[in-house]
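> Have a look at this one before I ask anything.
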Protein chains: 2
Amino acid sequence: MTAPYTELTQRLSDLAAIEGALGILQWDQEIVMPSGAAEARGRQIAVLSVLAHEKLTSPELGALLESQQGSKDLDETQTANVREALRDHRRAVRIPAELVRAWGEATVAGHEVWVQARKDNDFHAFQPILTKLVDLARRRAEAVDPHAPAYDVLIDEFEPGMTMARLDPVFDELKAFLVPFIAQVRAAGRPVDTAWRTSHVSVEDQRKAGEAIVRSMGYDFSRGRLDTSVHPFCGGAGPDDVRITTRYKENGFTGSLLGMIHETGHALYEQGRDATVGDQPVSRARSMGIHESQSLLWEKQVGQGRSFWTWHFPKLQQAYPFLAGISLDDFLFGINEVDFTNLIRVDADELTYPLHVILRYEIERDLFSGALPVADLPEAWNAKMRAYLDIVPPQDRNGVLQDVHWSGGLFGYFPSYTLGALYAAQFYQTAVREVPGVPDALAGGQPGPLLDWLRAKIHRPGSRWLTDDLCTRATGRSLDPQAFIGYARQKYSRLYRLA
Amino acid sequence: MTAPYTELTQRLSDLAAIEGALGILQWDQEIVMPSGAAEARGRQIAVLSVLAHEKLTSPELGALLESQQGSKDLDETQTANVREALRDHRRAVRIPAELVRAWGEATVAGHEVWVQARKDNDFHAFQPILTKLVDLARRRAEAVDPHAPAYDVLIDEFEPGMTMARLDPVFDELKAFLVPFIAQVRAAGRPVDTAWRTSHVSVEDQRKAGEAIVRSMGYDFSRGRLDTSVHPFCGGAGPDDVRITTRYKENGFTGSLLGMIHETGHALYEQGRDATVGDQPVSRARSMGIHESQSLLWEKQVGQGRSFWTWHFPKLQQAYPFLAGISLDDFLFGINEVDFTNLIRVDADELTYPLHVILRYEIERDLFSGALPVADLPEAWNAKMRAYLDIVPPQDRNGVLQDVHWSGGLFGYFPSYTLGALYAAQFYQTAVREVPGVPDALAGGQPGPLLDWLRAKIHRPGSRWLTDDLCTRATGRSLDPQAFIGYARQKYSRLYRLA
């Protein structure tokens, strides 16, 4: 007879295998699938998703999980594994089948309507389905936990344990720094010639330079691939098959390069999962915010920093002759320059990005509390843009209609982006404090000391501890926006020559 | 309430979706998967295979199929669909779980042992696991149908309805023609300079020339891909995602070119399935032999024939300048030349190939009847090679150990290759008789008339009728080796200038 815990891990491993297969089907769809296969692929993904859902919600798995919860026979890791699996199981079983179906239909319809509405710059066309999606999301949240505020339940899906009560003061503190600081930087300005950013670089040259940098960061190509896609992502089928993608703009090589570094940050997290616990939930990434902390740590803290480019810039100058006359200082300014007139979140720089997120967070929060009717979204959006960034979208397509998230029912997801930025700063500063040689190692082309720290403190722990516990064990304190604030103040004061 | 037949098609469609996903996982494994993902991929494939098996053997599906069998409410196509699905279901449920498991383990072990034994040229090392596989195959056959001879049940898995009673006279008739005819051709010989066959052609040039030919044959790239793999195959995920592969030898372009034409023949069959019945069993390829008839019709009847190259050879001469001085006659001789000393089935030419198959068929037949002990296989092999082809393998690795099939328990599969060759000749001759313009159209670069005939007679019918019925409806008669015999006699008499 198989021991209950062993049987449980086998069931979870089967579930992980189906999810891995889904990861490959999705990667294939984006990268290599012939166009005529789209409908059949949708059916394959739907059938496998139902099978995964059946595995996750099976009463047998539920009974095993309940029986093992708090069992004295389990060690700390096993206990955490049961906790994580039970969380997934309960969320899944609590949402009734008719709501799952309605949700699936509404998100498909929502995406279609949004694509057209954005094209037509017509928020009114999007309003009815958005209203429906908000209502369905609220019903989903109530099904999962009728006692908690709906928006807390939605956030918790991506960021377990995170609540408005915790986010409000964090985001307020951040906003209180950023709004006046950005205004100050903007007023200061700095005329630097950054015309080299639009110099022509062939796709093949970009691929070669990018792949060399990805490799140098410690990405294991024997357990992954680098491909081209319209929307860059990190996907695949579990820690031994972590596939990243990028897109190339022949007159904008920095976007692709930093994008590759970003996706490599995600990939290093996945490739660094604790192999001793295999494909179990406890080895998974802790949360979306922690995942984003890994991509942003490498992209922003490292990949837009002086140490990293001390090593890599001379190599890039050799590969791209038009950089020959550019100083490292000017290169660093060029890849960090703040765009004070940008309206689009995905194009935003490091400094303004959090305000785009806070705006969305506040709007979602007020949507789900009932304080903000869906009809008033465009007005609320534009008012906040003016208040936080002193710019107003001339059209809704560059404003409230710009993001894909709401059309697919992704409410509560936005905060993770900025949580990632905050954790990234906090982690990197702690790594440098604990391993002072990290910046010099990066300047010598050695990411090892930093990666070792991340492996030990973030990657291998996976979901062993709750997020706050993970953060405290790694950095000695709970999430604290001051790490990011201090970093941003210092970096951008220097870049913009503030007093 | 859903009608029983509709519910049944939904269940079969779910099964097809899982099989499609498996097709993508396997394609991915061969073509793009990073090496480190092999173990995880094995697990994903195993889990999905179990899920497919559960769907196929589910008692609910069985009850639906039994209830619909012979139902007056169904039309001819629906009746055939139930028949095909019931056949799959019954085969699957009749094999007990412990035998499925033992089979899975033995075939994995068998492959490993065979790889090493072939390397070591050591049949004795392979003998124990081969003995076990034969025994397990016999038990599987008995489970499926205890009243039929085991080998008939094994053949039936790949070639529904085919039996030794039918194959013996067909293969004897073929052998009675081929053995003396090959000896005659060999004795005649013909010295033609074919050094151009080993001229260097870059992979990229081969790919371009090959892709152009594949496209000209009617292969739909919007529902497929052409890639490179160690072992060429036609795979993917159903009729809207039919992926073919080839391999390139820089000093042997003809192999890759004819290989691509072969796989395109398979792919045209899949892409030509009847879309009006979707992914149901009735739209599937009729059998392995009929599938092979489509690849061989295009490769041998068409792609090694004069009409096809009347159009394509001038183009190839433009692409490959070293062909400039070669006549069409000499080119045709070069791609059809018989290699009288070849020991290896997969390298065999059109004329000797059937004898390699008949040898294996006779050995398998005698293995399962008990007339031939496993220990006597090498001796039996070599005796038949001498009798049929007048050559004897100097080593078992070039003889009895050469094929992968037995190591994976594939008994009863070999006959399909030669059934394919026989059907190909019979189909092509009928097409030309019914549509006399076919050869001229091919000579004018137009495969349309031939493809139309195949679509109507073979591709769209799918599994609507049993094989013999399909053949009779298409050609006016049952399987008859005289079509191939007549074709081979005429073609090779001409190539070798026999009187």
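The chains in the structure tokens are called A, B, ... from first to last as shown; in each chain the residues are counted from 1, and the ligands are counted from 1 in the order shown.
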How close does chain B get to chain A? List, as JSON lines, each residue of chain B within 6 Å, its nearest atom pair and the distance in Å to one decimal, counting only C-alpha atoms.


{"residue": "B:Ala17", "atom": "CA", "partner": "A:Gln44", "partner_atom": "CA", "distance": 4.6}
{"residue": "B:Pro34", "atom": "CA", "partner": "A:Ser222", "partner_atom": "CA", "distance": 5.3}
{"residue": "B:Ser35", "atom": "CA", "partner": "A:Ser222", "partner_atom": "CA", "distance": 5.6}
{"residue": "B:Gly36", "atom": "CA", "partner": "A:Arg223", "partner_atom": "CA", "distance": 4.8}
{"residue": "B:Ala37", "atom": "CA", "partner": "A:Asp240", "partner_atom": "CA", "distance": 4.9}
{"residue": "B:Gln44", "atom": "CA", "partner": "A:Ala17", "partner_atom": "CA", "distance": 4.6}
{"residue": "B:Ser222", "atom": "CA", "partner": "A:Gly36", "partner_atom": "CA", "distance": 5.3}
{"residue": "B:Arg223", "atom": "CA", "partner": "A:Gly36", "partner_atom": "CA", "distance": 4.8}
{"residue": "B:Gly224", "atom": "CA", "partner": "A:Pro34", "partner_atom": "CA", "distance": 5.6}
{"residue": "B:Asp240", "atom": "CA", "partner": "A:Ala37", "partner_atom": "CA", "distance": 5.0}
{"residue": "B:Asp241", "atom": "CA", "partner": "A:Ala37", "partner_atom": "CA", "distance": 5.3}

> Interatomic distance between CA of Arg190 (chain B) and CA of Tyr496 (chain B)?

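Pair CA of Arg190 (chain B) / CA of Tyr496 (chain B) returns 6.0 Å.
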
> Which distance in Å separates CA of Asp452 (chain A) and CA of Gln490 (chain A), to one decimal?

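Here the two named atoms are 26.3 Å from each other.
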
> Work out how far apart CA of Leu479 (chain B) and CA of Trp465 (chain B) are and give it in Å to one decimal.

14.5 Å

> May I ask which of the residues B:Leu355, B:Leu61, B:Leu422, B:Ile129 is the closest one to Phe484 (chain B), counting only C-alpha atoms?

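Closest candidate: B:Leu422.
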